[in-house]
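Inspection log for the structure reproduced underneath, given as structure tokens.
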Amino acid sequence: MRCDRRVFLAGLIGLGACSGTPPEVARLPEFRGFLSIDPVRYSIEQGADMLTHPGRLTGQPSETARLIQALEFLAIELRNGPRWNVMLPMGQLAVPAARREWRDALGIAADARAQEVIDGLTELRSAFAARSPVGAAAALRPPVFMPGGQETLNRLGDPPALPRTTRAMLDARQELASQSFERRSGQNFIVPLARDGNAPNGGRAVLMG
């Protein structure tokens, strides 16, 4: 009877875990409908390039906003996406860990969801495209952006150095390049398959480059 009770309680715990809050997701507006472009690869390449040429962002709050959108997206997708924790094991740890640096530097609330940040910055970029700096400042609303408005817009126009973020993105880019090289050179690499366990080779898949 005691054993049956333990099994029953374990089952309840399992059901509770399955019914928990689903992982956070984030989407970038540029990639809606573009199935041929991998937004993770694109965001890593472009984000690393922008961070290593910070002078391009000075006086360009819309471009800084685009960078932060990419970082927010990667912080979620690398951590929760089904592919990237295997393909980019260091990037999926380092990029989310650097999030506090860019949020503190630019006045983004620590508890804001990534999609809220992305959506607010999309409004800002649309306002700049419409040549409306007033609308751009209005898009940076508290509590997501603190203090928000023109002050946050000024920070985006003169972003500080982000050394931890830059290092994380450079490492992610290097990891991505290494994966691409392995695929091109025909090397095999081992990737654990999904949790259902229905896999040959003892639960592992050998992927060809």
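Here's how to read the names in the structure tokens: chain A, B, ... by the order shown, residue numbers from 1 in each chain, ligand numbers from 1 in the order shown.
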
Counting only C-alpha atoms, what is within 10 Å of A:Gln92, bar same-chain residues fewer than 4 positions away, as an NGL selection string? :A and (74-81 or 84-88 or 96-97 or 168 or 172)

Can you tell me which residues surround A:Leu57 at a distance of at most 12 Å, considering only C-alpha atoms, apart from same-chain residues fewer than 2 positions away, and format the answer as a JSON list (two decimals) with C-alpha atoms, in the first residue's frame?
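The resulting file, selection.json, is shown below:
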```json
[["chain", "number", "residue", "atom", "x", "y", "z"],
["A", 47, "GLY", "CA", 24.29, 41.45, -33.15],
["A", 49, "ASP", "CA", 28.84, 42.79, -35.71],
["A", 50, "MET", "CA", 27.00, 45.74, -34.20],
["A", 51, "LEU", "CA", 28.55, 45.23, -30.77],
["A", 52, "THR", "CA", 32.07, 45.11, -32.18],
["A", 53, "HIS", "CA", 31.47, 48.36, -34.10],
["A", 54, "PRO", "CA", 29.74, 50.45, -31.41],
["A", 55, "GLY", "CA", 30.43, 53.71, -33.20],
["A", 59, "GLY", "CA", 23.24, 58.90, -32.70],
["A", 60, "GLN", "CA", 21.23, 55.97, -34.08],
["A", 61, "PRO", "CA", 18.65, 54.99, -31.44],
["A", 62, "SER", "CA", 16.67, 53.00, -34.00],
["A", 63, "GLU", "CA", 19.71, 50.82, -34.73],
["A", 64, "THR", "CA", 20.39, 50.35, -31.01],
["A", 65, "ALA", "CA", 16.75, 49.33, -30.66],
["A", 66, "ARG", "CA", 17.24, 46.72, -33.40],
["A", 67, "LEU", "CA", 20.27, 45.35, -31.54],
["A", 68, "ILE", "CA", 18.37, 45.10, -28.26],
["A", 154, "ASN", "CA", 18.75, 59.43, -25.23],
["A", 155, "ARG", "CA", 20.37, 56.29, -23.80],
["A", 156, "LEU", "CA", 19.57, 54.38, -26.98],
["A", 157, "GLY", "CA", 21.16, 57.18, -28.98],
["A", 158, "ASP", "CA", 24.38, 57.01, -26.96],
["A", 159, "PRO", "CA", 24.63, 53.43, -25.72],
["A", 160, "PRO", "CA", 27.41, 52.54, -23.26],
["A", 161, "ALA", "CA", 29.93, 49.76, -23.74]]
```

Which residues are close to A:Arg41, i.e. within 10 Å by only C-alpha atoms, leaving aside same-chain residues fewer than 2 positions away? Reply as a PyMOL selection string. chain A and resi 37-39+43-47+74+172-173+176-177

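Atom CA of A:Tyr42 lies 23.9 Å from atom CA of A:Ala112.
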